[in-house]
>>> print(open('start.cif').read())   # mmCIF, C-alpha atoms and all ligand atoms
data_run
#
loop_
_atom_site.label_atom_id
_atom_site.label_comp_id
_atom_site.auth_asym_id
_atom_site.auth_seq_id
_atom_site.Cartn_x
_atom_site.Cartn_y
_atom_site.Cartn_z
CA MET A 27 -51.83 -125.72 -148.90
CA ARG A 28 -52.62 -123.09 -151.52
CA VAL A 29 -50.20 -120.60 -153.02
CA PHE A 30 -51.17 -117.08 -154.06
CA LYS A 31 -48.96 -114.63 -155.90
CA PHE A 32 -49.46 -110.88 -155.98
CA GLY A 33 -47.30 -109.00 -158.49
CA GLY A 34 -45.96 -105.46 -158.47
CA ALA A 35 -49.11 -104.05 -160.08
CA SER A 36 -51.32 -105.39 -157.27
CA VAL A 37 -49.29 -103.69 -154.53
CA LYS A 38 -48.31 -100.50 -156.32
CA ASP A 39 -49.94 -98.25 -153.70
CA ALA A 40 -51.83 -98.29 -150.39
CA GLU A 41 -55.12 -99.07 -152.16
CA GLY A 42 -53.48 -102.11 -153.70
CA VAL A 43 -52.30 -103.40 -150.33
CA LYS A 44 -55.79 -102.87 -148.88
CA ASN A 45 -57.16 -104.83 -151.81
CA VAL A 46 -54.81 -107.74 -151.03
CA ALA A 47 -56.39 -107.89 -147.57
CA HIS A 48 -59.82 -107.77 -149.21
CA VAL A 49 -58.96 -110.66 -151.57
CA LEU A 50 -57.67 -112.73 -148.64
CA LYS A 51 -60.83 -112.06 -146.65
CA GLU A 52 -62.98 -113.06 -149.62
CA MET A 53 -61.01 -116.18 -150.51
CA GLY A 54 -59.91 -117.32 -147.03
CA HIS A 55 -56.34 -117.26 -145.83
CA GLU A 56 -55.56 -120.31 -143.73
CA ASN A 57 -53.12 -122.90 -145.10
CA THR A 58 -52.00 -120.36 -147.67
CA VAL A 59 -48.58 -119.10 -148.73
CA VAL A 60 -48.65 -115.67 -150.36
CA VAL A 61 -45.71 -114.72 -152.53
CA ILE A 62 -45.36 -110.99 -153.22
CA SER A 63 -43.25 -108.94 -155.65
CA ALA A 64 -41.70 -105.55 -155.08
CA MET A 65 -44.20 -102.66 -155.04
CA GLY A 66 -45.03 -101.08 -158.41
CA LYS A 67 -41.85 -100.22 -160.30
CA THR A 68 -39.51 -100.64 -157.32
CA THR A 69 -37.35 -103.25 -159.07
CA ASN A 70 -36.63 -100.77 -161.88
CA ALA A 71 -35.74 -98.13 -159.29
CA MET A 72 -33.45 -100.61 -157.51
CA GLU A 73 -31.76 -101.33 -160.84
CA GLU A 74 -31.12 -97.60 -161.11
CA VAL A 75 -29.49 -97.65 -157.66
CA VAL A 76 -27.10 -100.35 -158.88
CA ALA A 77 -26.39 -98.54 -162.16
CA ASN A 78 -25.62 -95.28 -160.33
CA TYR A 79 -23.44 -97.11 -157.81
CA PHE A 80 -21.23 -98.39 -160.63
CA ASP A 81 -21.24 -95.04 -162.44
CA ASP A 82 -18.42 -92.88 -161.06
CA THR A 83 -20.21 -89.71 -162.08
CA LYS A 84 -23.41 -90.48 -160.15
CA SER A 85 -24.57 -91.22 -156.63
CA HIS A 86 -27.03 -93.91 -155.70
CA LEU A 87 -28.17 -92.11 -152.57
CA SER A 88 -30.93 -89.95 -154.02
CA THR A 89 -32.63 -92.90 -155.74
CA LEU A 90 -32.44 -94.93 -152.55
CA LYS A 91 -34.02 -92.02 -150.70
CA GLU A 92 -36.85 -91.88 -153.26
CA ILE A 93 -37.43 -95.60 -152.76
CA GLU A 94 -37.58 -95.09 -148.99
CA ASP A 95 -40.03 -92.18 -149.36
CA PHE A 96 -42.23 -94.18 -151.73
CA HIS A 97 -42.55 -97.00 -149.20
CA LEU A 98 -43.04 -94.66 -146.24
CA THR A 99 -45.83 -92.86 -148.10
CA ILE A 100 -47.62 -96.16 -148.61
CA THR A 101 -47.04 -97.10 -144.99
CA SER A 102 -48.44 -93.86 -143.64
CA ALA A 103 -51.53 -94.18 -145.86
CA LEU A 104 -52.06 -97.71 -144.57
CA PHE A 105 -51.64 -96.97 -140.88
CA GLU A 106 -53.17 -93.47 -140.99
CA GLY A 107 -50.83 -91.36 -138.96
CA SER A 108 -49.83 -93.91 -136.33
CA GLN A 109 -46.16 -95.00 -136.13
CA PRO A 110 -46.26 -98.79 -136.46
CA PRO A 111 -43.01 -100.79 -136.02
CA VAL A 112 -42.93 -101.38 -139.79
CA VAL A 113 -41.88 -97.74 -140.34
CA LYS A 114 -38.68 -98.50 -138.47
CA GLN A 115 -38.35 -101.76 -140.42
CA VAL A 116 -38.52 -99.87 -143.74
CA LYS A 117 -35.84 -97.43 -142.58
CA THR A 118 -33.66 -100.29 -141.32
CA LEU A 119 -33.91 -102.17 -144.62
CA ILE A 120 -32.94 -99.07 -146.60
CA ALA A 121 -30.04 -98.45 -144.19
CA GLU A 122 -28.91 -102.08 -144.59
CA CYS A 123 -28.94 -101.72 -148.36
CA ASN A 124 -26.88 -98.56 -148.09
CA THR A 125 -24.43 -100.17 -145.65
CA PHE A 126 -23.95 -103.05 -148.07
CA LEU A 127 -23.09 -100.63 -150.87
CA THR A 128 -20.75 -98.62 -148.67
CA ASN A 129 -18.82 -101.68 -147.51
CA ASN A 130 -18.98 -103.67 -150.71
CA ARG A 131 -15.68 -104.59 -152.35
CA SER A 132 -17.06 -106.92 -155.00
CA PRO A 133 -16.55 -105.60 -158.52
CA HIS A 134 -19.11 -108.07 -159.91
CA PRO A 135 -22.21 -106.20 -161.06
CA ALA A 136 -24.44 -109.28 -161.03
CA PHE A 137 -23.54 -110.12 -157.43
CA VAL A 138 -24.12 -106.53 -156.30
CA TYR A 139 -27.37 -106.42 -158.29
CA ASP A 140 -28.84 -109.37 -156.40
CA GLN A 141 -27.78 -108.07 -152.97
CA VAL A 142 -29.43 -104.70 -153.69
CA VAL A 143 -32.45 -105.34 -155.91
CA SER A 144 -33.79 -108.00 -153.52
CA PHE A 145 -34.57 -105.25 -150.98
CA GLY A 146 -37.63 -104.41 -153.10
CA GLU A 147 -39.30 -107.68 -152.13
CA LEU A 148 -38.11 -107.46 -148.51
CA LEU A 149 -39.73 -104.02 -148.22
CA SER A 150 -43.02 -104.98 -149.86
CA THR A 151 -43.55 -108.15 -147.84
CA SER A 152 -42.69 -106.43 -144.55
CA ILE A 153 -45.31 -103.76 -145.22
CA VAL A 154 -48.02 -106.14 -146.45
CA CYS A 155 -47.47 -108.56 -143.56
CA ALA A 156 -47.67 -105.76 -140.99
CA TYR A 157 -50.82 -104.38 -142.59
CA LEU A 158 -52.56 -107.77 -142.67
CA ASN A 159 -51.91 -108.29 -138.97
CA HIS A 160 -53.10 -104.72 -138.35
CA VAL A 161 -56.49 -105.49 -139.97
CA GLY A 162 -56.90 -108.77 -138.13
CA ILE A 163 -55.54 -111.25 -140.67
CA ALA A 164 -52.92 -113.23 -138.75
CA ALA A 165 -49.86 -113.59 -140.97
CA GLU A 166 -46.27 -114.76 -140.51
CA TRP A 167 -43.38 -113.30 -142.52
CA ILE A 168 -41.04 -115.86 -144.04
CA ASP A 169 -37.66 -115.06 -145.55
CA ALA A 170 -37.62 -116.65 -149.01
CA ARG A 171 -33.83 -116.72 -148.81
CA SER A 172 -34.06 -119.43 -146.18
CA CYS A 173 -36.45 -121.41 -148.41
CA VAL A 174 -35.41 -121.01 -152.04
CA LYS A 175 -31.88 -122.42 -152.43
CA THR A 176 -29.99 -121.78 -155.64
CA ASP A 177 -26.57 -121.83 -157.26
CA SER A 178 -24.52 -118.61 -157.49
CA PHE A 179 -25.49 -117.64 -161.03
CA TYR A 180 -26.45 -114.14 -159.91
CA ARG A 181 -29.36 -112.39 -161.69
CA SER A 182 -30.62 -115.68 -163.07
CA ALA A 183 -29.96 -118.31 -160.42
CA HIS A 184 -30.87 -121.97 -160.90
CA LEU A 185 -32.82 -123.91 -158.30
CA ASP A 186 -31.34 -126.57 -156.06
CA TRP A 187 -34.60 -128.50 -155.83
CA ASP A 188 -33.54 -130.96 -153.13
CA ARG A 189 -32.30 -128.32 -150.71
CA THR A 190 -35.25 -126.07 -151.48
CA GLN A 191 -37.72 -128.86 -150.80
CA LYS A 192 -36.10 -129.60 -147.46
CA ALA A 193 -35.86 -125.93 -146.47
CA ILE A 194 -39.48 -125.19 -147.37
CA HIS A 195 -40.66 -128.14 -145.28
CA GLU A 196 -38.71 -126.82 -142.32
CA GLN A 197 -39.86 -123.21 -142.73
CA VAL A 198 -43.49 -123.46 -143.76
CA LYS A 199 -45.48 -125.05 -140.94
CA GLY A 200 -48.94 -124.65 -139.49
CA PRO A 201 -52.17 -123.22 -140.83
CA VAL A 202 -51.43 -119.51 -140.27
CA LEU A 203 -51.08 -117.46 -143.46
CA LYS A 204 -47.46 -117.10 -144.62
CA ILE A 205 -46.13 -114.07 -146.46
CA SER A 206 -42.94 -114.49 -148.46
CA GLN A 207 -41.01 -112.84 -151.27
CA GLY A 208 -41.07 -113.71 -154.92
CA PHE A 209 -37.98 -113.44 -157.11
CA ILE A 210 -35.33 -114.00 -154.43
CA GLY A 211 -33.40 -116.91 -152.94
CA SER A 212 -29.93 -117.60 -151.63
CA ASP A 213 -26.85 -119.60 -152.54
CA ASP A 214 -24.62 -121.98 -150.53
CA ASN A 215 -22.89 -119.05 -148.84
CA ASN A 216 -26.26 -117.49 -147.98
CA PHE A 217 -25.70 -114.60 -150.37
CA THR A 218 -28.92 -113.39 -151.89
CA THR A 219 -29.68 -114.50 -155.44
CA THR A 220 -32.48 -113.55 -157.84
CA LEU A 221 -34.33 -115.72 -160.33
CA GLY A 222 -34.52 -113.30 -163.27
CA ARG A 223 -36.88 -110.38 -163.92
CA GLU A 224 -40.56 -111.20 -163.50
CA GLY A 225 -39.47 -114.28 -161.53
CA SER A 226 -42.10 -114.08 -158.78
CA ASP A 227 -44.54 -116.28 -160.69
CA TYR A 228 -41.78 -118.89 -160.73
CA SER A 229 -41.28 -118.47 -156.96
CA ALA A 230 -44.97 -119.23 -156.45
CA ALA A 231 -44.56 -122.40 -158.52
CA ILE A 232 -41.48 -123.40 -156.48
CA PHE A 233 -43.37 -123.09 -153.18
CA ALA A 234 -46.34 -124.93 -154.67
CA TYR A 235 -44.22 -127.78 -156.00
CA CYS A 236 -42.33 -128.26 -152.75
CA LEU A 237 -45.47 -128.11 -150.62
CA GLY A 238 -47.48 -130.31 -152.99
CA ALA A 239 -50.02 -127.47 -153.05
CA THR A 240 -53.60 -128.02 -154.18
CA ASP A 241 -53.42 -125.02 -156.52
CA VAL A 242 -51.70 -121.73 -157.32
CA THR A 243 -53.43 -118.44 -158.07
CA ILE A 244 -51.62 -115.51 -159.62
CA TRP A 245 -53.62 -112.31 -159.12
CA LYS A 246 -53.42 -109.87 -162.01
CA ASP A 247 -54.80 -106.58 -163.29
CA VAL A 248 -56.48 -108.52 -166.12
CA PRO A 249 -59.41 -111.00 -165.90
CA GLY A 250 -57.11 -113.94 -166.72
CA VAL A 251 -55.09 -115.12 -169.69
CA LEU A 252 -56.53 -113.39 -172.74
CA ASN A 253 -55.95 -114.28 -176.37
CA ALA A 254 -53.74 -111.17 -176.64
CA ASP A 255 -52.23 -108.47 -174.46
CA PRO A 256 -55.04 -105.90 -173.95
CA ARG A 257 -52.43 -103.12 -173.79
CA VAL A 258 -51.59 -103.84 -177.43
CA PHE A 259 -54.69 -105.39 -179.06
CA ASP A 260 -58.39 -104.42 -179.01
CA LYS A 261 -61.23 -106.85 -178.47
CA THR A 262 -59.38 -109.50 -176.53
CA GLN A 263 -61.10 -112.66 -175.32
CA LEU A 264 -60.68 -114.49 -172.03
CA LEU A 265 -59.34 -118.04 -172.28
CA HIS A 266 -61.31 -120.05 -169.70
CA HIS A 267 -59.12 -123.11 -169.80
CA ILE A 268 -55.72 -123.82 -171.32
CA SER A 269 -53.47 -126.86 -171.04
CA TYR A 270 -50.04 -126.62 -169.42
CA GLN A 271 -48.52 -127.20 -172.83
CA GLU A 272 -50.43 -124.39 -174.46
CA ALA A 273 -49.57 -122.04 -171.57
CA ILE A 274 -45.87 -122.95 -171.91
CA GLU A 275 -46.04 -122.22 -175.65
CA LEU A 276 -47.79 -118.86 -175.11
CA ALA A 277 -45.29 -117.85 -172.42
CA PHE A 278 -42.37 -118.99 -174.58
CA TYR A 279 -43.50 -116.87 -177.52
CA GLY A 280 -43.72 -113.89 -175.19
CA ALA A 281 -47.18 -113.70 -173.58
CA SER A 282 -45.87 -111.85 -170.54
CA VAL A 283 -48.86 -112.61 -168.31
CA ILE A 284 -47.12 -115.80 -167.04
CA HIS A 285 -43.38 -116.23 -166.59
CA PRO A 286 -42.30 -119.15 -168.81
CA LYS A 287 -40.50 -121.06 -166.02
CA THR A 288 -43.66 -121.19 -163.89
CA LEU A 289 -45.43 -123.95 -165.76
CA GLN A 290 -42.92 -126.81 -165.67
CA PRO A 291 -42.90 -127.47 -161.90
CA LEU A 292 -46.69 -127.19 -161.78
CA GLN A 293 -47.14 -129.54 -164.68
CA ARG A 294 -44.84 -132.14 -163.10
CA LYS A 295 -47.18 -132.43 -160.09
CA GLU A 296 -50.33 -131.54 -162.04
CA ILE A 297 -51.02 -128.58 -159.76
CA PRO A 298 -53.67 -126.34 -161.35
CA LEU A 299 -52.76 -122.70 -161.94
CA PHE A 300 -55.45 -120.01 -161.81
CA VAL A 301 -54.89 -116.59 -163.31
CA LYS A 302 -57.47 -114.20 -161.86
CA SER A 303 -58.32 -110.56 -161.48
CA PHE A 304 -57.39 -109.05 -158.13
CA LEU A 305 -60.31 -106.66 -158.61
CA HIS A 306 -62.88 -109.44 -159.10
CA PRO A 307 -61.56 -112.32 -157.01
CA LYS A 308 -64.75 -114.39 -157.23
CA GLU A 309 -64.70 -114.50 -161.03
CA ALA A 310 -63.38 -117.71 -162.52
CA GLY A 311 -60.50 -116.27 -164.56
CA THR A 312 -58.34 -118.77 -166.42
CA GLN A 313 -57.51 -122.27 -165.30
CA VAL A 314 -54.28 -123.79 -166.58
CA GLY A 315 -54.24 -127.53 -166.10
CA LYS A 316 -54.71 -130.95 -167.58
CA GLY A 317 -57.23 -131.57 -170.27
CA VAL A 318 -58.41 -129.76 -173.36
CA ARG A 319 -55.86 -127.62 -175.20
CA MET A 320 -57.85 -124.43 -174.89
CA ARG A 321 -61.39 -123.24 -174.43
CA PRO A 322 -62.54 -121.26 -176.32
CA GLU A 323 -60.29 -122.22 -179.21
CA VAL A 324 -59.43 -118.85 -180.76
CA PRO A 325 -56.32 -117.42 -182.42
CA CYS A 326 -53.87 -116.00 -179.83
CA TYR A 327 -51.67 -113.00 -180.64
CA ILE A 328 -48.29 -112.26 -179.10
CA VAL A 329 -45.97 -109.44 -180.05
CA LYS A 330 -42.31 -108.93 -179.27
CA LYS A 331 -40.89 -105.48 -179.93
CA GLU A 332 -37.46 -103.95 -180.43
CA LEU A 333 -35.95 -106.95 -182.17
CA SER A 334 -33.38 -106.99 -184.96
CA LEU A 335 -33.49 -109.08 -188.08
CA LEU A 336 -30.19 -110.25 -189.54
CA ARG A 337 -29.95 -111.85 -192.95
CA LEU A 338 -26.58 -113.48 -193.56
CA SER A 339 -25.38 -114.91 -196.84
CA THR A 340 -22.14 -116.59 -197.75
CA ARG A 341 -19.86 -114.86 -200.23
CA ASP A 342 -18.48 -118.04 -201.78
CA PHE A 343 -21.88 -119.76 -202.15
CA SER A 344 -20.91 -122.30 -199.49
CA PHE A 345 -23.89 -123.82 -197.69
CA VAL A 346 -24.80 -121.94 -194.53
CA MET A 347 -26.19 -124.94 -192.68
CA GLU A 348 -23.34 -127.30 -193.37
CA ASP A 349 -20.34 -125.07 -193.02
CA ASN A 350 -21.21 -122.05 -190.91
CA ILE A 351 -24.10 -122.69 -188.58
CA SER A 352 -22.14 -123.58 -185.46
CA GLU A 353 -19.94 -120.54 -185.90
CA ILE A 354 -22.99 -118.26 -186.21
CA PHE A 355 -24.62 -119.71 -183.10
CA LYS A 356 -21.43 -119.36 -181.12
CA LEU A 357 -21.27 -115.68 -182.07
CA LEU A 358 -24.91 -115.16 -181.06
CA HIS A 359 -24.23 -116.88 -177.75
CA ASP A 360 -21.00 -114.96 -177.09
CA HIS A 361 -22.85 -111.68 -177.64
CA LYS A 362 -25.75 -112.77 -175.40
CA MET A 363 -28.33 -112.36 -178.17
CA SER A 364 -31.62 -114.07 -177.40
CA VAL A 365 -32.82 -115.77 -180.54
CA ASP A 366 -36.52 -115.59 -181.36
CA LEU A 367 -36.76 -117.01 -184.85
CA ILE A 368 -34.49 -118.57 -187.45
CA GLN A 369 -34.98 -119.37 -191.11
CA ASN A 370 -32.52 -120.67 -193.63
CA SER A 371 -32.09 -121.40 -197.31
CA ALA A 372 -29.08 -122.97 -199.03
CA ILE A 373 -26.86 -119.92 -198.93
CA SER A 374 -28.60 -117.54 -196.58
CA PHE A 375 -29.63 -117.55 -192.95
CA SER A 376 -32.04 -115.16 -191.23
CA VAL A 377 -32.32 -114.71 -187.51
CA CYS A 378 -34.49 -112.45 -185.38
CA VAL A 379 -32.78 -111.49 -182.13
CA LYS A 380 -33.15 -109.35 -179.04
CA ASP A 381 -29.98 -107.44 -178.23
CA LYS A 382 -30.55 -107.06 -174.48
CA TYR A 383 -26.96 -106.16 -173.66
CA HIS A 384 -26.25 -103.76 -176.56
CA ASN A 385 -23.71 -105.96 -178.31
CA MET A 386 -25.05 -105.59 -181.84
CA ASP A 387 -22.29 -103.38 -183.24
CA ALA A 388 -19.54 -105.65 -181.96
CA MET A 389 -21.28 -108.72 -183.33
CA LEU A 390 -21.96 -107.13 -186.73
CA HIS A 391 -18.31 -106.23 -186.99
CA THR A 392 -17.29 -109.88 -186.57
CA LEU A 393 -20.07 -111.20 -188.82
CA ARG A 394 -19.26 -108.82 -191.66
CA ALA A 395 -15.74 -110.18 -191.89
CA ARG A 396 -17.24 -113.50 -192.97
CA PHE A 397 -20.69 -112.89 -194.49
CA ASP A 398 -22.76 -110.39 -196.37
CA VAL A 399 -25.03 -109.07 -193.65
CA GLU A 400 -28.32 -107.22 -193.98
CA HIS A 401 -29.37 -105.74 -190.64
CA THR A 402 -32.94 -104.49 -190.10
CA PRO A 403 -33.27 -102.92 -186.64
CA GLU A 404 -36.52 -102.21 -184.76
CA VAL A 405 -38.67 -105.00 -186.12
CA TYR A 406 -41.73 -106.55 -184.46
CA LEU A 407 -42.26 -110.28 -184.21
CA TYR A 408 -45.94 -111.21 -184.23
CA THR A 409 -46.78 -114.77 -183.30
CA ILE A 410 -50.29 -116.08 -183.96
CA ARG A 411 -51.06 -119.43 -182.34
CA HIS A 412 -53.98 -121.37 -183.88
CA PHE A 413 -54.16 -118.93 -186.76
CA GLU A 414 -57.02 -118.91 -189.22
CA GLU A 415 -57.00 -117.80 -192.82
CA ASN A 416 -57.63 -114.11 -192.14
CA SER A 417 -55.97 -113.85 -188.70
CA ALA A 418 -53.14 -111.67 -189.98
CA ASP A 419 -55.19 -109.34 -192.23
CA ALA A 420 -55.27 -106.34 -189.89
CA LEU A 421 -51.54 -106.63 -189.15
CA LEU A 422 -50.68 -106.82 -192.84
CA LYS A 423 -52.63 -103.60 -193.45
CA SER A 424 -50.77 -101.64 -190.79
CA HIS A 425 -47.23 -103.07 -191.11
CA GLU A 426 -44.73 -104.06 -193.74
CA LEU A 427 -44.00 -107.80 -193.79
CA VAL A 428 -40.29 -108.65 -193.77
CA LEU A 429 -40.31 -112.39 -193.13
CA GLU A 430 -42.92 -115.07 -192.54
CA GLN A 431 -42.74 -118.52 -191.05
CA ARG A 432 -45.56 -120.98 -190.45
CA SER A 433 -46.09 -124.36 -188.88
CA GLU A 434 -49.37 -126.24 -188.49
CA THR A 435 -50.31 -124.31 -185.33
CA THR A 436 -48.21 -121.16 -185.39
CA LEU A 437 -47.76 -118.27 -187.80
CA GLN A 438 -44.89 -115.87 -187.18
CA LEU A 439 -44.52 -112.55 -188.94
CA VAL A 440 -41.51 -110.28 -188.73
CA MET A 441 -42.78 -106.77 -189.50
CA LYS A 442 -41.63 -103.21 -189.72
P1 LIG B 1 -47.53 -108.58 -162.25
O1 LIG B 1 -46.06 -108.37 -162.43
O2 LIG B 1 -48.18 -107.52 -161.43
O3 LIG B 1 -47.87 -109.95 -161.78
P2 LIG B 1 -47.62 -108.23 -165.10
O4 LIG B 1 -47.73 -106.77 -165.40
O5 LIG B 1 -46.28 -108.87 -165.23
O6 LIG B 1 -48.23 -108.48 -163.65
O7 LIG B 1 -48.64 -109.06 -166.00
C1 LIG B 1 -49.94 -108.59 -166.26
C2 LIG B 1 -49.96 -107.91 -167.60
O8 LIG B 1 -49.64 -108.86 -168.62
C3 LIG B 1 -51.30 -107.38 -168.02
O9 LIG B 1 -51.54 -106.09 -167.53
C4 LIG B 1 -51.25 -107.42 -169.55
O10 LIG B 1 -51.02 -106.14 -170.11
C5 LIG B 1 -50.06 -108.31 -169.86
N1 LIG B 1 -50.36 -109.40 -170.80
C6 LIG B 1 -49.56 -109.78 -171.84
N2 LIG B 1 -50.09 -110.78 -172.53
C7 LIG B 1 -51.28 -111.07 -171.93
C8 LIG B 1 -52.30 -112.03 -172.17
N3 LIG B 1 -52.21 -112.91 -173.18
N4 LIG B 1 -53.37 -112.07 -171.35
C9 LIG B 1 -53.46 -111.20 -170.32
N5 LIG B 1 -52.54 -110.25 -170.03
C10 LIG B 1 -51.46 -110.18 -170.81
N1 LIG B 2 -39.92 -107.63 -158.71
C1 LIG B 2 -39.35 -108.47 -159.75
C2 LIG B 2 -39.43 -107.77 -161.10
O1 LIG B 2 -40.00 -106.69 -161.19
C3 LIG B 2 -39.98 -109.83 -159.82
C4 LIG B 2 -41.42 -109.86 -160.24
O2 LIG B 2 -42.11 -108.84 -160.14
O3 LIG B 2 -41.89 -110.90 -160.68
O4 LIG B 2 -38.92 -108.30 -162.07
MG MG B 3 -44.65 -108.73 -163.62
#
>>> encode(input="start.cif", output="structure tokens")
Amino acid sequence: MRVFKFGGASVKDAEGVKNVAHVLKEMGHENTVVVISAMGKTTNAMEEVVANYFDDTKSHLSTLKEIEDFHLTITSALFEGSQPPVVKQVKTLIAECNTFLTNNRSPHPAFVYDQVVSFGELLSTSIVCAYLNHVGIAAEWIDARSCVKTDSFYRSAHLDWDRTQKAIHEQVKGPVLKISQGFIGSDDNNFTTTLGREGSDYSAAIFAYCLGATDVTIWKDVPGVLNADPRVFDKTQLLHHISYQEAIELAFYGASVIHPKTLQPLQRKEIPLFVKSFLHPKEAGTQVGKGVRMRPEVPCYIVKKELSLLRLSTRDFSFVMEDNISEIFKLLHDHKMSVDLIQNSAISFSVCVKDKYHNMDAMLHTLRARFDVEHTPEVYLYTIRHFEENSADALLKSHELVLEQRSETTLQLVMK
């Protein structure tokens, strides 16, 4: 078996869906599981539905209607005026989502989020599967919720590998192409769960691991893994080969082309991962696998934006590490700050964080009772893997350096 993954960008409109069919024709489609994300920015729109549902001053209905129209527009472009059964399916899915919200009594936003946002993937896979069959590519639709079994940690569910393995073996049979959803699964009570934003790459790895797949290909709008995000940096270079370890490091530091959780299951079974362009499917792209660390060996640039730098110092000259570190980490954890970099001296401690849930003011209030705190908002964290002497020159010309940290392989610069 092979596993393919098409992300939101590859199915953002009717042309994208047609291109998926083209890629499958070019690359063959038997003994293949295709995992697909929600179309374009649908997941963001679904998040808006949930936000409006919980906001007493707003209604979720108009956003849901826009989502329905968006999918029906794609459907009518794909089937050119005819009324295929998938039109009814789209309307039914939207109605089901609305019925859930109308009847829901759960006050838990994360639970409601998963029940609602998952409709994005159900819609996209229904449309793609119908279109493939329409153009003569036999395909079977598989509900990922009956394959990917998780705990009930809504919005960021953890895999139950044993149950998932068993379920995938029961569900995925025969050589006919299978179409399933990325990002979603279900818990013991069969409530829908999601694996965290951008989690479809991880879904592809889950299917691949459980099926003992020969390889996984994630199809992207870029030629493969580059040494920097082309949306941010000029003159990027394609990495032809990188090791699992290097890919995990790049993803960890924030190279958003691969979801960080994707690599571990693949590495465990040594399943190669290809990252390729959906516009040029025959080009080699990047292979992630065993062997050399990276080819070509060039500096790789990763940037994280909208971070905050906090510099804490003790008022009584007590040592930060000995006396205060556990307290500081507990506060960071309690305020759901994701920590990107730490640096300490005897009496001061600096930490670069992402305040995803807007808890900074509350946390600063608590910290200031105990420490002198310098807060620098809106900083960038540049990470340069395999840096060379002049790798940071251009960055240093255009930004102000606030903090620097280096190891043998990695240079990190916090900049304003
Ligand atoms: P999808 O969700 O459709 O699978 P994403 O948009 O999540 O795709 O990922 C592809 C994008 O990742 C590219 O358009 C590119 O801007 C960005 N990206 C970030 N870092 C890199 C990198 N090192 N190499 C290639 N693309 C990168
Ligand atoms: N649709 C989900 C998201 O946008 C999952 C994914 O695309 O990987 O986060
Ligand atoms: Mg994505």
>>> axis_aligned_box(input="start.cif", around="ligand LIG 2 (chain B)", padding_each_side="6 Å", output="AutoDock Vina command-line options")
--center_x -40.5 --center_y -108.8 --center_z -160.4 --size_x 15.2 --size_y 16.2 --size_z 15.4
>>> residues_near_ligand(input="start.cif", ligand="ligand MG 3 (chain B)", cutoff="8 Å", atoms="only C-alpha atoms and all ligand atoms", output="JSON, numbers by chain")
{"A": [33, 34, 35, 223, 224, 225, 226, 282, 283]}
>>> residues_around(input="start.cif", residues="range 91-105 of chain A", least_positions_apart="5", cutoff="12 Å", atoms="all atoms listed in the file", output="compact mmCIF listing (two decimals) with C-alpha atoms, in the coordinates of the input")
# COMPACT_ATOMS: atom_id res chain seq x y z
CA VAL A 37 -49.29 -103.69 -154.53
CA LYS A 38 -48.31 -100.50 -156.32
CA ASP A 39 -49.94 -98.25 -153.70
CA ALA A 40 -51.83 -98.29 -150.39
CA GLU A 41 -55.12 -99.07 -152.16
CA GLY A 42 -53.48 -102.11 -153.70
CA VAL A 43 -52.30 -103.40 -150.33
CA LYS A 44 -55.79 -102.87 -148.88
CA ASN A 45 -57.16 -104.83 -151.81
CA ALA A 47 -56.39 -107.89 -147.57
CA ALA A 64 -41.70 -105.55 -155.08
CA MET A 65 -44.20 -102.66 -155.04
CA GLY A 66 -45.03 -101.08 -158.41
CA LYS A 67 -41.85 -100.22 -160.30
CA THR A 68 -39.51 -100.64 -157.32
CA THR A 69 -37.35 -103.25 -159.07
CA ASN A 70 -36.63 -100.77 -161.88
CA ALA A 71 -35.74 -98.13 -159.29
CA MET A 72 -33.45 -100.61 -157.51
CA GLU A 73 -31.76 -101.33 -160.84
CA GLU A 74 -31.12 -97.60 -161.11
CA VAL A 75 -29.49 -97.65 -157.66
CA SER A 85 -24.57 -91.22 -156.63
CA HIS A 86 -27.03 -93.91 -155.70
CA PRO A 110 -46.26 -98.79 -136.46
CA PRO A 111 -43.01 -100.79 -136.02
CA VAL A 112 -42.93 -101.38 -139.79
CA VAL A 113 -41.88 -97.74 -140.34
CA LYS A 114 -38.68 -98.50 -138.47
CA GLN A 115 -38.35 -101.76 -140.42
CA VAL A 116 -38.52 -99.87 -143.74
CA LYS A 117 -35.84 -97.43 -142.58
CA THR A 118 -33.66 -100.29 -141.32
CA LEU A 119 -33.91 -102.17 -144.62
CA ILE A 120 -32.94 -99.07 -146.60
CA ALA A 121 -30.04 -98.45 -144.19
CA GLU A 122 -28.91 -102.08 -144.59
CA CYS A 123 -28.94 -101.72 -148.36
CA ASN A 124 -26.88 -98.56 -148.09
CA VAL A 143 -32.45 -105.34 -155.91
CA PHE A 145 -34.57 -105.25 -150.98
CA GLY A 146 -37.63 -104.41 -153.10
CA GLU A 147 -39.30 -107.68 -152.13
CA LEU A 148 -38.11 -107.46 -148.51
CA LEU A 149 -39.73 -104.02 -148.22
CA SER A 150 -43.02 -104.98 -149.86
CA THR A 151 -43.55 -108.15 -147.84
CA SER A 152 -42.69 -106.43 -144.55
CA ILE A 153 -45.31 -103.76 -145.22
CA VAL A 154 -48.02 -106.14 -146.45
CA CYS A 155 -47.47 -108.56 -143.56
CA ALA A 156 -47.67 -105.76 -140.99
CA TYR A 157 -50.82 -104.38 -142.59
CA LEU A 158 -52.56 -107.77 -142.67
CA ASN A 159 -51.91 -108.29 -138.97
CA HIS A 160 -53.10 -104.72 -138.35
CA VAL A 161 -56.49 -105.49 -139.97
>>> atom_distance(input="start.cif", atom1="CA of Phe32 in chain A", atom2="CA of Lys204 in chain A")
13.1 Å
>>> atom_distance(input="start.cif", atom1="CA of Met27 in chain A", atom2="CA of Lys308 in chain A")
19.1 Å
